[in-house]
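Trainee: Input file: run-v3.txt. Contents: compact mmCIF, N, CA and C atoms.
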# COMPACT_ATOMS: atom_id res chain seq x y z
N MET A 1 2.07 -35.03 -4.32
CA MET A 1 2.66 -36.32 -4.07
C MET A 1 3.23 -36.91 -5.37
N ALA A 2 2.53 -36.65 -6.47
CA ALA A 2 3.00 -37.19 -7.75
C ALA A 2 4.33 -36.55 -8.14
N VAL A 3 4.45 -35.24 -7.97
CA VAL A 3 5.69 -34.54 -8.31
C VAL A 3 6.83 -35.06 -7.43
N PHE A 4 6.55 -35.21 -6.14
CA PHE A 4 7.56 -35.74 -5.22
C PHE A 4 8.01 -37.13 -5.64
N THR A 5 7.07 -37.98 -5.99
CA THR A 5 7.40 -39.35 -6.39
C THR A 5 8.25 -39.36 -7.66
N VAL A 6 7.86 -38.57 -8.65
CA VAL A 6 8.62 -38.52 -9.91
C VAL A 6 10.02 -37.99 -9.67
N LEU A 7 10.14 -36.90 -8.93
CA LEU A 7 11.46 -36.31 -8.69
C LEU A 7 12.35 -37.23 -7.86
N THR A 8 11.79 -37.88 -6.87
CA THR A 8 12.58 -38.79 -6.04
C THR A 8 13.07 -39.98 -6.84
N MET A 9 12.19 -40.59 -7.62
CA MET A 9 12.59 -41.77 -8.39
C MET A 9 13.56 -41.39 -9.50
N ALA A 10 13.34 -40.26 -10.16
CA ALA A 10 14.27 -39.82 -11.20
C ALA A 10 15.63 -39.50 -10.59
N GLY A 11 15.63 -38.85 -9.44
CA GLY A 11 16.89 -38.55 -8.76
C GLY A 11 17.64 -39.81 -8.36
N ALA A 12 16.91 -40.79 -7.82
CA ALA A 12 17.55 -42.06 -7.43
C ALA A 12 18.10 -42.78 -8.65
N PHE A 13 17.37 -42.73 -9.75
CA PHE A 13 17.82 -43.36 -11.00
C PHE A 13 19.11 -42.73 -11.51
N LEU A 14 19.14 -41.40 -11.52
CA LEU A 14 20.33 -40.70 -12.00
C LEU A 14 21.51 -40.89 -11.05
N PHE A 15 21.24 -40.89 -9.75
CA PHE A 15 22.30 -41.12 -8.77
C PHE A 15 22.89 -42.52 -8.95
N GLN A 16 22.03 -43.51 -9.16
CA GLN A 16 22.52 -44.88 -9.36
C GLN A 16 23.35 -44.98 -10.64
N ALA A 17 22.91 -44.30 -11.69
CA ALA A 17 23.68 -44.31 -12.94
C ALA A 17 25.05 -43.67 -12.74
N ALA A 18 25.09 -42.53 -12.03
CA ALA A 18 26.37 -41.86 -11.77
C ALA A 18 27.27 -42.73 -10.89
N ALA A 19 26.70 -43.35 -9.88
CA ALA A 19 27.48 -44.21 -8.99
C ALA A 19 28.05 -45.40 -9.75
N ASN A 20 27.25 -46.00 -10.63
CA ASN A 20 27.75 -47.12 -11.45
C ASN A 20 28.90 -46.66 -12.34
N GLY A 21 28.76 -45.48 -12.92
CA GLY A 21 29.83 -44.95 -13.77
C GLY A 21 31.11 -44.69 -13.00
N ILE A 22 30.97 -44.18 -11.78
CA ILE A 22 32.14 -43.87 -10.95
C ILE A 22 32.81 -45.14 -10.44
N PHE A 23 32.04 -46.03 -9.85
CA PHE A 23 32.62 -47.19 -9.19
C PHE A 23 33.04 -48.30 -10.15
N PHE A 24 32.32 -48.46 -11.25
CA PHE A 24 32.67 -49.52 -12.20
C PHE A 24 33.47 -49.00 -13.39
N GLY A 25 33.62 -47.70 -13.50
CA GLY A 25 34.42 -47.13 -14.57
C GLY A 25 33.72 -47.05 -15.91
N GLU A 26 32.54 -47.58 -16.00
CA GLU A 26 31.77 -47.51 -17.25
C GLU A 26 30.28 -47.60 -16.92
N LEU A 27 29.48 -47.21 -17.88
CA LEU A 27 28.03 -47.25 -17.70
C LEU A 27 27.41 -47.77 -18.98
N GLU A 28 26.79 -48.92 -18.89
CA GLU A 28 26.14 -49.53 -20.05
C GLU A 28 24.64 -49.54 -19.78
N TRP A 29 23.88 -48.89 -20.65
CA TRP A 29 22.45 -48.70 -20.42
C TRP A 29 21.61 -49.93 -20.75
N GLY A 30 21.93 -50.64 -21.75
CA GLY A 30 21.09 -51.77 -22.14
C GLY A 30 19.92 -51.32 -22.99
N ASN A 31 18.85 -52.10 -22.97
CA ASN A 31 17.67 -51.85 -23.79
C ASN A 31 16.87 -50.67 -23.22
N THR A 32 16.79 -49.59 -23.97
CA THR A 32 16.10 -48.37 -23.52
C THR A 32 14.62 -48.61 -23.29
N LYS A 33 13.99 -49.39 -24.15
CA LYS A 33 12.56 -49.67 -24.01
C LYS A 33 12.29 -50.43 -22.71
N ALA A 34 13.13 -51.40 -22.38
CA ALA A 34 12.95 -52.17 -21.15
C ALA A 34 13.16 -51.29 -19.92
N ILE A 35 14.15 -50.42 -19.98
CA ILE A 35 14.42 -49.51 -18.86
C ILE A 35 13.24 -48.58 -18.65
N LEU A 36 12.74 -48.00 -19.71
CA LEU A 36 11.62 -47.06 -19.60
C LEU A 36 10.34 -47.74 -19.14
N SER A 37 10.05 -48.92 -19.66
CA SER A 37 8.82 -49.62 -19.24
C SER A 37 8.90 -50.00 -17.78
N TYR A 38 10.07 -50.45 -17.33
CA TYR A 38 10.25 -50.79 -15.92
C TYR A 38 10.12 -49.55 -15.04
N PHE A 39 10.78 -48.45 -15.45
CA PHE A 39 10.76 -47.22 -14.66
C PHE A 39 9.35 -46.65 -14.55
N VAL A 40 8.63 -46.58 -15.65
CA VAL A 40 7.28 -46.01 -15.63
C VAL A 40 6.32 -46.89 -14.83
N THR A 41 6.47 -48.20 -14.94
CA THR A 41 5.63 -49.11 -14.16
C THR A 41 5.92 -48.97 -12.67
N GLU A 42 7.19 -48.93 -12.31
CA GLU A 42 7.57 -48.73 -10.91
C GLU A 42 7.07 -47.38 -10.41
N LEU A 43 7.13 -46.37 -11.26
CA LEU A 43 6.65 -45.04 -10.88
C LEU A 43 5.16 -45.07 -10.54
N ALA A 44 4.37 -45.73 -11.36
CA ALA A 44 2.93 -45.83 -11.09
C ALA A 44 2.67 -46.61 -9.80
N LEU A 45 3.39 -47.69 -9.58
CA LEU A 45 3.20 -48.48 -8.36
C LEU A 45 3.63 -47.70 -7.12
N HIS A 46 4.73 -46.98 -7.21
CA HIS A 46 5.17 -46.19 -6.06
C HIS A 46 4.23 -45.03 -5.77
N TYR A 47 3.68 -44.44 -6.80
CA TYR A 47 2.69 -43.38 -6.59
C TYR A 47 1.46 -43.93 -5.89
N ALA A 48 1.02 -45.11 -6.29
CA ALA A 48 -0.11 -45.74 -5.61
C ALA A 48 0.23 -46.02 -4.15
N LEU A 49 1.45 -46.48 -3.88
CA LEU A 49 1.86 -46.75 -2.50
C LEU A 49 1.89 -45.46 -1.68
N VAL A 50 2.34 -44.37 -2.27
CA VAL A 50 2.34 -43.08 -1.59
C VAL A 50 0.92 -42.66 -1.25
N LEU A 51 0.00 -42.86 -2.18
CA LEU A 51 -1.40 -42.50 -1.92
C LEU A 51 -2.03 -43.39 -0.86
N ILE A 52 -1.64 -44.65 -0.80
CA ILE A 52 -2.12 -45.54 0.26
C ILE A 52 -1.66 -45.02 1.61
N CYS A 53 -0.39 -44.67 1.71
CA CYS A 53 0.15 -44.14 2.97
C CYS A 53 -0.53 -42.83 3.34
N MET A 54 -0.79 -41.98 2.36
CA MET A 54 -1.47 -40.72 2.62
C MET A 54 -2.90 -40.97 3.12
N ALA A 55 -3.60 -41.91 2.49
CA ALA A 55 -4.97 -42.22 2.90
C ALA A 55 -4.99 -42.78 4.32
N ILE A 56 -4.04 -43.61 4.66
CA ILE A 56 -3.97 -44.15 6.02
C ILE A 56 -3.77 -43.02 7.02
N ALA A 57 -2.89 -42.07 6.70
CA ALA A 57 -2.65 -40.94 7.59
C ALA A 57 -3.89 -40.07 7.74
N ILE A 58 -4.62 -39.86 6.65
CA ILE A 58 -5.84 -39.04 6.71
C ILE A 58 -6.92 -39.76 7.51
N ILE A 59 -7.07 -41.04 7.29
CA ILE A 59 -8.13 -41.80 7.97
C ILE A 59 -7.86 -41.94 9.47
N LEU A 60 -6.64 -42.30 9.83
CA LEU A 60 -6.32 -42.57 11.23
C LEU A 60 -6.12 -41.32 12.07
N LYS A 61 -5.69 -40.23 11.48
CA LYS A 61 -5.39 -38.99 12.20
C LYS A 61 -4.36 -39.20 13.31
N ASN A 62 -3.56 -40.25 13.21
CA ASN A 62 -2.52 -40.52 14.21
C ASN A 62 -1.20 -40.70 13.46
N ASN A 63 -0.30 -39.76 13.65
CA ASN A 63 0.95 -39.77 12.89
C ASN A 63 1.81 -41.00 13.18
N VAL A 64 1.89 -41.40 14.44
CA VAL A 64 2.76 -42.51 14.81
C VAL A 64 2.27 -43.81 14.19
N ILE A 65 0.99 -44.10 14.35
CA ILE A 65 0.44 -45.35 13.82
C ILE A 65 0.51 -45.37 12.30
N SER A 66 0.19 -44.25 11.66
CA SER A 66 0.24 -44.21 10.20
C SER A 66 1.67 -44.37 9.69
N MET A 67 2.66 -43.82 10.39
CA MET A 67 4.05 -44.01 9.99
C MET A 67 4.50 -45.45 10.17
N VAL A 68 4.06 -46.08 11.25
CA VAL A 68 4.41 -47.49 11.48
C VAL A 68 3.81 -48.35 10.36
N ILE A 69 2.56 -48.10 10.01
CA ILE A 69 1.92 -48.87 8.94
C ILE A 69 2.64 -48.62 7.61
N ALA A 70 3.01 -47.37 7.34
CA ALA A 70 3.72 -47.04 6.09
C ALA A 70 5.07 -47.75 6.02
N VAL A 71 5.79 -47.78 7.14
CA VAL A 71 7.08 -48.48 7.16
C VAL A 71 6.87 -49.97 6.96
N CYS A 72 5.85 -50.53 7.59
CA CYS A 72 5.56 -51.96 7.41
C CYS A 72 5.19 -52.28 5.96
N LEU A 73 4.43 -51.40 5.34
CA LEU A 73 4.11 -51.59 3.92
C LEU A 73 5.36 -51.54 3.07
N SER A 74 6.24 -50.61 3.37
CA SER A 74 7.47 -50.46 2.59
C SER A 74 8.42 -51.62 2.78
N MET A 75 8.40 -52.23 3.96
CA MET A 75 9.30 -53.34 4.26
C MET A 75 8.68 -54.69 3.89
N ASN A 76 7.50 -54.66 3.28
CA ASN A 76 6.81 -55.86 2.82
C ASN A 76 6.41 -56.80 3.96
N VAL A 77 6.08 -56.22 5.11
CA VAL A 77 5.60 -57.00 6.24
C VAL A 77 4.20 -57.54 5.94
N MET A 78 3.54 -56.95 4.97
CA MET A 78 2.18 -57.37 4.62
C MET A 78 2.12 -58.79 4.07
N THR A 79 3.26 -59.37 3.73
CA THR A 79 3.24 -60.75 3.24
C THR A 79 2.68 -61.70 4.29
N ILE A 80 2.86 -61.36 5.56
CA ILE A 80 2.28 -62.18 6.64
C ILE A 80 0.76 -62.11 6.57
N VAL A 81 0.23 -60.91 6.40
CA VAL A 81 -1.22 -60.73 6.29
C VAL A 81 -1.73 -61.42 5.03
N TYR A 82 -0.98 -61.29 3.93
CA TYR A 82 -1.39 -61.94 2.69
C TYR A 82 -1.45 -63.46 2.86
N GLY A 83 -0.50 -64.02 3.60
CA GLY A 83 -0.51 -65.47 3.86
C GLY A 83 -1.74 -65.90 4.62
N VAL A 84 -2.15 -65.11 5.61
CA VAL A 84 -3.36 -65.42 6.38
C VAL A 84 -4.59 -65.34 5.49
N ILE A 85 -4.66 -64.31 4.65
CA ILE A 85 -5.80 -64.16 3.74
C ILE A 85 -5.83 -65.30 2.73
N ASN A 86 -4.68 -65.67 2.18
CA ASN A 86 -4.62 -66.79 1.23
C ASN A 86 -5.08 -68.08 1.88
N SER A 87 -4.68 -68.32 3.13
CA SER A 87 -5.11 -69.53 3.85
C SER A 87 -6.62 -69.54 4.06
N ALA A 88 -7.16 -68.39 4.43
CA ALA A 88 -8.61 -68.30 4.64
C ALA A 88 -9.37 -68.55 3.34
N ILE A 89 -8.88 -68.01 2.26
CA ILE A 89 -9.54 -68.20 0.96
C ILE A 89 -9.44 -69.66 0.52
N GLN A 90 -8.31 -70.31 0.79
CA GLN A 90 -8.17 -71.72 0.44
C GLN A 90 -9.09 -72.60 1.29
N LYS A 91 -9.33 -72.21 2.54
CA LYS A 91 -10.25 -72.96 3.39
C LYS A 91 -11.68 -72.84 2.90
N ILE A 92 -11.99 -71.72 2.25
CA ILE A 92 -13.32 -71.53 1.67
C ILE A 92 -13.52 -72.48 0.50
N GLY A 93 -12.43 -72.84 -0.17
CA GLY A 93 -12.52 -73.76 -1.29
C GLY A 93 -11.94 -73.25 -2.59
N ILE A 94 -11.43 -72.03 -2.57
CA ILE A 94 -10.82 -71.47 -3.76
C ILE A 94 -9.34 -71.80 -3.74
N GLN A 95 -8.90 -72.57 -4.70
CA GLN A 95 -7.50 -72.99 -4.75
C GLN A 95 -6.70 -72.10 -5.70
N ASN A 96 -5.39 -72.07 -5.50
CA ASN A 96 -4.46 -71.34 -6.35
C ASN A 96 -4.73 -69.84 -6.41
N PHE A 97 -5.27 -69.28 -5.34
CA PHE A 97 -5.50 -67.84 -5.27
C PHE A 97 -4.38 -67.21 -4.46
N GLN A 98 -3.73 -66.20 -5.01
CA GLN A 98 -2.66 -65.48 -4.33
C GLN A 98 -2.99 -64.00 -4.34
N ILE A 99 -3.32 -63.47 -3.18
CA ILE A 99 -3.77 -62.08 -3.09
C ILE A 99 -2.67 -61.08 -3.45
N TYR A 100 -1.42 -61.44 -3.24
CA TYR A 100 -0.34 -60.50 -3.52
C TYR A 100 -0.28 -60.12 -5.00
N LYS A 101 -0.89 -60.91 -5.87
CA LYS A 101 -0.93 -60.55 -7.29
C LYS A 101 -1.84 -59.36 -7.56
N TYR A 102 -2.66 -59.01 -6.57
CA TYR A 102 -3.64 -57.95 -6.72
C TYR A 102 -3.39 -56.79 -5.76
N THR A 103 -2.18 -56.69 -5.22
CA THR A 103 -1.84 -55.62 -4.30
C THR A 103 -0.64 -54.85 -4.82
N ILE A 104 -0.50 -53.64 -4.33
CA ILE A 104 0.62 -52.79 -4.75
C ILE A 104 1.94 -53.36 -4.28
N THR A 105 2.03 -53.73 -3.02
CA THR A 105 3.29 -54.26 -2.51
C THR A 105 3.65 -55.58 -3.17
N GLY A 106 2.65 -56.37 -3.50
CA GLY A 106 2.91 -57.62 -4.22
C GLY A 106 3.44 -57.36 -5.61
N LYS A 107 2.83 -56.42 -6.32
CA LYS A 107 3.30 -56.09 -7.67
C LYS A 107 4.70 -55.47 -7.65
N LEU A 108 4.97 -54.65 -6.62
CA LEU A 108 6.31 -54.05 -6.51
C LEU A 108 7.38 -55.12 -6.32
N SER A 109 7.08 -56.11 -5.50
CA SER A 109 8.11 -57.11 -5.21
C SER A 109 8.21 -58.16 -6.32
N LEU A 110 7.16 -58.37 -7.09
CA LEU A 110 7.16 -59.41 -8.12
C LEU A 110 7.50 -58.92 -9.53
N LEU A 111 7.57 -57.60 -9.73
CA LEU A 111 7.82 -57.07 -11.07
C LEU A 111 9.26 -57.39 -11.48
N PRO A 112 9.43 -58.13 -12.58
CA PRO A 112 10.80 -58.46 -13.01
C PRO A 112 11.50 -57.23 -13.59
N MET A 113 12.82 -57.30 -13.67
CA MET A 113 13.60 -56.18 -14.19
C MET A 113 13.34 -55.93 -15.67
N ASN A 114 12.92 -56.95 -16.40
CA ASN A 114 12.61 -56.82 -17.82
C ASN A 114 11.16 -57.26 -18.02
N PRO A 115 10.19 -56.43 -17.60
CA PRO A 115 8.80 -56.87 -17.64
C PRO A 115 8.24 -56.93 -19.06
N SER A 116 7.37 -57.90 -19.27
CA SER A 116 6.68 -57.99 -20.56
C SER A 116 5.54 -56.98 -20.58
N GLY A 117 4.93 -56.85 -21.73
CA GLY A 117 3.80 -55.93 -21.86
C GLY A 117 2.64 -56.32 -20.96
N ASN A 118 2.37 -57.62 -20.84
CA ASN A 118 1.27 -58.08 -19.98
C ASN A 118 1.56 -57.80 -18.51
N GLU A 119 2.80 -57.98 -18.10
CA GLU A 119 3.16 -57.72 -16.69
C GLU A 119 3.04 -56.23 -16.38
N CYS A 120 3.46 -55.39 -17.31
CA CYS A 120 3.32 -53.94 -17.12
C CYS A 120 1.85 -53.54 -17.09
N LEU A 121 1.07 -54.10 -17.97
CA LEU A 121 -0.35 -53.78 -18.02
C LEU A 121 -1.06 -54.21 -16.74
N ALA A 122 -0.74 -55.40 -16.24
CA ALA A 122 -1.34 -55.87 -14.98
C ALA A 122 -0.94 -54.97 -13.82
N ALA A 123 0.32 -54.57 -13.78
CA ALA A 123 0.78 -53.69 -12.71
C ALA A 123 0.10 -52.32 -12.80
N PHE A 124 -0.04 -51.79 -14.01
CA PHE A 124 -0.73 -50.52 -14.20
C PHE A 124 -2.19 -50.63 -13.79
N GLY A 125 -2.82 -51.74 -14.11
CA GLY A 125 -4.21 -51.94 -13.72
C GLY A 125 -4.38 -51.91 -12.21
N VAL A 126 -3.53 -52.63 -11.51
CA VAL A 126 -3.59 -52.64 -10.04
C VAL A 126 -3.31 -51.24 -9.50
N ALA A 127 -2.31 -50.56 -10.07
CA ALA A 127 -1.96 -49.22 -9.60
C ALA A 127 -3.12 -48.25 -9.80
N ILE A 128 -3.76 -48.30 -10.95
CA ILE A 128 -4.86 -47.38 -11.23
C ILE A 128 -6.04 -47.64 -10.30
N VAL A 129 -6.35 -48.90 -10.05
CA VAL A 129 -7.44 -49.22 -9.13
C VAL A 129 -7.15 -48.66 -7.74
N PHE A 130 -5.94 -48.87 -7.24
CA PHE A 130 -5.59 -48.36 -5.91
C PHE A 130 -5.52 -46.84 -5.89
N ILE A 131 -5.03 -46.22 -6.95
CA ILE A 131 -4.98 -44.76 -7.00
C ILE A 131 -6.37 -44.18 -6.91
N VAL A 132 -7.30 -44.70 -7.70
CA VAL A 132 -8.68 -44.20 -7.69
C VAL A 132 -9.32 -44.45 -6.33
N MET A 133 -9.13 -45.65 -5.77
CA MET A 133 -9.72 -45.97 -4.46
C MET A 133 -9.18 -45.05 -3.37
N MET A 134 -7.88 -44.86 -3.33
CA MET A 134 -7.28 -44.06 -2.26
C MET A 134 -7.63 -42.59 -2.37
N ILE A 135 -7.68 -42.06 -3.58
CA ILE A 135 -8.09 -40.67 -3.76
C ILE A 135 -9.55 -40.50 -3.35
N SER A 136 -10.39 -41.47 -3.72
CA SER A 136 -11.81 -41.39 -3.36
C SER A 136 -12.01 -41.45 -1.85
N VAL A 137 -11.38 -42.42 -1.21
CA VAL A 137 -11.51 -42.58 0.24
C VAL A 137 -10.97 -41.35 0.96
N SER A 138 -9.81 -40.88 0.56
CA SER A 138 -9.22 -39.70 1.19
C SER A 138 -10.10 -38.48 1.03
N SER A 139 -10.67 -38.31 -0.16
CA SER A 139 -11.54 -37.16 -0.41
C SER A 139 -12.79 -37.21 0.45
N VAL A 140 -13.42 -38.37 0.54
CA VAL A 140 -14.64 -38.51 1.35
C VAL A 140 -14.35 -38.23 2.82
N VAL A 141 -13.30 -38.82 3.34
CA VAL A 141 -12.94 -38.61 4.74
C VAL A 141 -12.59 -37.15 5.00
N PHE A 142 -11.84 -36.54 4.10
CA PHE A 142 -11.44 -35.16 4.25
C PHE A 142 -12.64 -34.23 4.20
N GLN A 143 -13.58 -34.49 3.30
CA GLN A 143 -14.79 -33.67 3.19
C GLN A 143 -15.65 -33.79 4.45
N LYS A 144 -15.82 -34.99 4.96
CA LYS A 144 -16.63 -35.18 6.17
C LYS A 144 -16.00 -34.50 7.37
N ARG A 145 -14.69 -34.46 7.39
CA ARG A 145 -13.98 -33.81 8.49
C ARG A 145 -14.13 -32.30 8.43
N ASP A 146 -14.24 -31.74 7.24
CA ASP A 146 -14.37 -30.29 7.08
C ASP A 146 -15.76 -29.79 7.47
N ILE A 147 -16.76 -30.66 7.41
CA ILE A 147 -18.15 -30.22 7.67
C ILE A 147 -18.41 -30.03 9.12
Could you show the structure in this file as structure tokens?
Mentor:
Amino acid sequence: MAVFTVLTMAGAFLFQAAANGIFFGELEWGNTKAILSYFVTELALHYALVLICMAIAIILKNNVISMVIAVCLSMNVMTIVYGVINSAIQKIGIQNFQIYKYTITGKLSLLPMNPSGNECLAAFGVAIVFIVMMISVSSVVFQKRDI
């Protein structure tokens, strides 16, 4: 899954660069450090999203439902669920809590094009937590199914 994610994102990046060069007649790269930090951060977040979708497919054992959930995750439909969770947490008494800051889809949608070091670090932290959780859950479910 990691190789697929890297190749797909690198291919999309190169295709976009070529398309910009063709359609606009020029290609200006900008700050290389900003481009690389954004690309690597997005790569980690997308890999975590791929592992979430894989874990859902392994856990549910239903291709249709897991594909629907994966499409909903990709289309950011989870913001509705996040709103319900935020409302419930605010009713408990915790104010100014936004769950999307701690989710993969939230980090993907909120990451600016020129992220600072702290924003990249926070996104990497969330990605690593989800990667470890999804690999662990998938492994446990897969092992129990083999027995």
Trainee: So, with only C-alpha atoms as the atoms that count, which of A:Ile35, A:Ile58, A:Ala44, A:Leu14 lies closest to Arg145 of chain A?
Mentor: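 Residue with the minimum atom-to-atom distance to Arg145 of chain A: A:Ile58.
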Trainee: Excluding same-chain residues fewer than 6 positions from segment 122-131 of chain A, what lies within 6 Å of it counting only N, CA and C atoms, as a PyMOL selection string?
Mentor: chain A and resi 44-45+48+102
Trainee: Enumerate the residues of chain A with a DSSP assignment of alpha helix (DSSP H), computed from the backbone, and present them as number ranges by chain.
Mentor: A: 2-24, 32-60, 63-74, 78-92, 104-110, 117-146
Trainee: For each of A:Gln16, A:Ser37, A:Thr105, A:Ser138, take the minimum atom-to-atom distance to Asn76 of chain A, counting only N, CA and C atoms, then give the residue where this is smallest.
Mentor: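 Using only N, CA and C atoms, Asn76 of chain A sits closest to A:Thr105.
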Trainee: Just checking: using only N, CA and C atoms, which residue out of A:Cys72, A:Ala18, A:Leu49, A:Leu43 ends up closest to Val6 of chain A?
Mentor: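 Of A:Cys72, A:Ala18, A:Leu49, A:Leu43, the one nearest Val6 of chain A is A:Leu43, counting only N, CA and C atoms.
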Trainee: Take atom N of Ser116 of chain A and atom N of Thr5 of chain A and report the distance between them in Å, one decimal.
Mentor: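 We find that atom N of Ser116 of chain A and atom N of Thr5 of chain A lie 23.9 Å from each other.
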Trainee: Measure the distance from atom CA of Ala2 of chain A to atom C of Leu51 of chain A in Å and round it to one decimal.
Mentor: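 Interatomic distance, atom CA of Ala2 of chain A to atom C of Leu51 of chain A: 10.5 Å.
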Trainee: Give me the residues within 12 Å of Lys33 of chain A as a count of residues only, counting only C-alpha atoms and dropping any in the same chain fewer than 4 places off.
Mentor: 10
Trainee: Taking only N, CA and C atoms into account, which of A:Pro112, A:Ala70, A:Phe23, A:Met78 comes nearest Ile52 of chain A?
Mentor: A:Ala70
Trainee: Please, what distance in Å, to one decimal, runs between atom CA of Tyr100 of chain A and atom CA of Tyr82 of chain A?
Mentor: 6.5 Å
Trainee: Using all atoms listed in the file, which residue out of A:Asn31, A:Ile59, A:Val50, A:Asn96 lies closest to Phe142 of chain A?
Mentor: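 Result for the nearest residue to Phe142 of chain A: A:Ile59.
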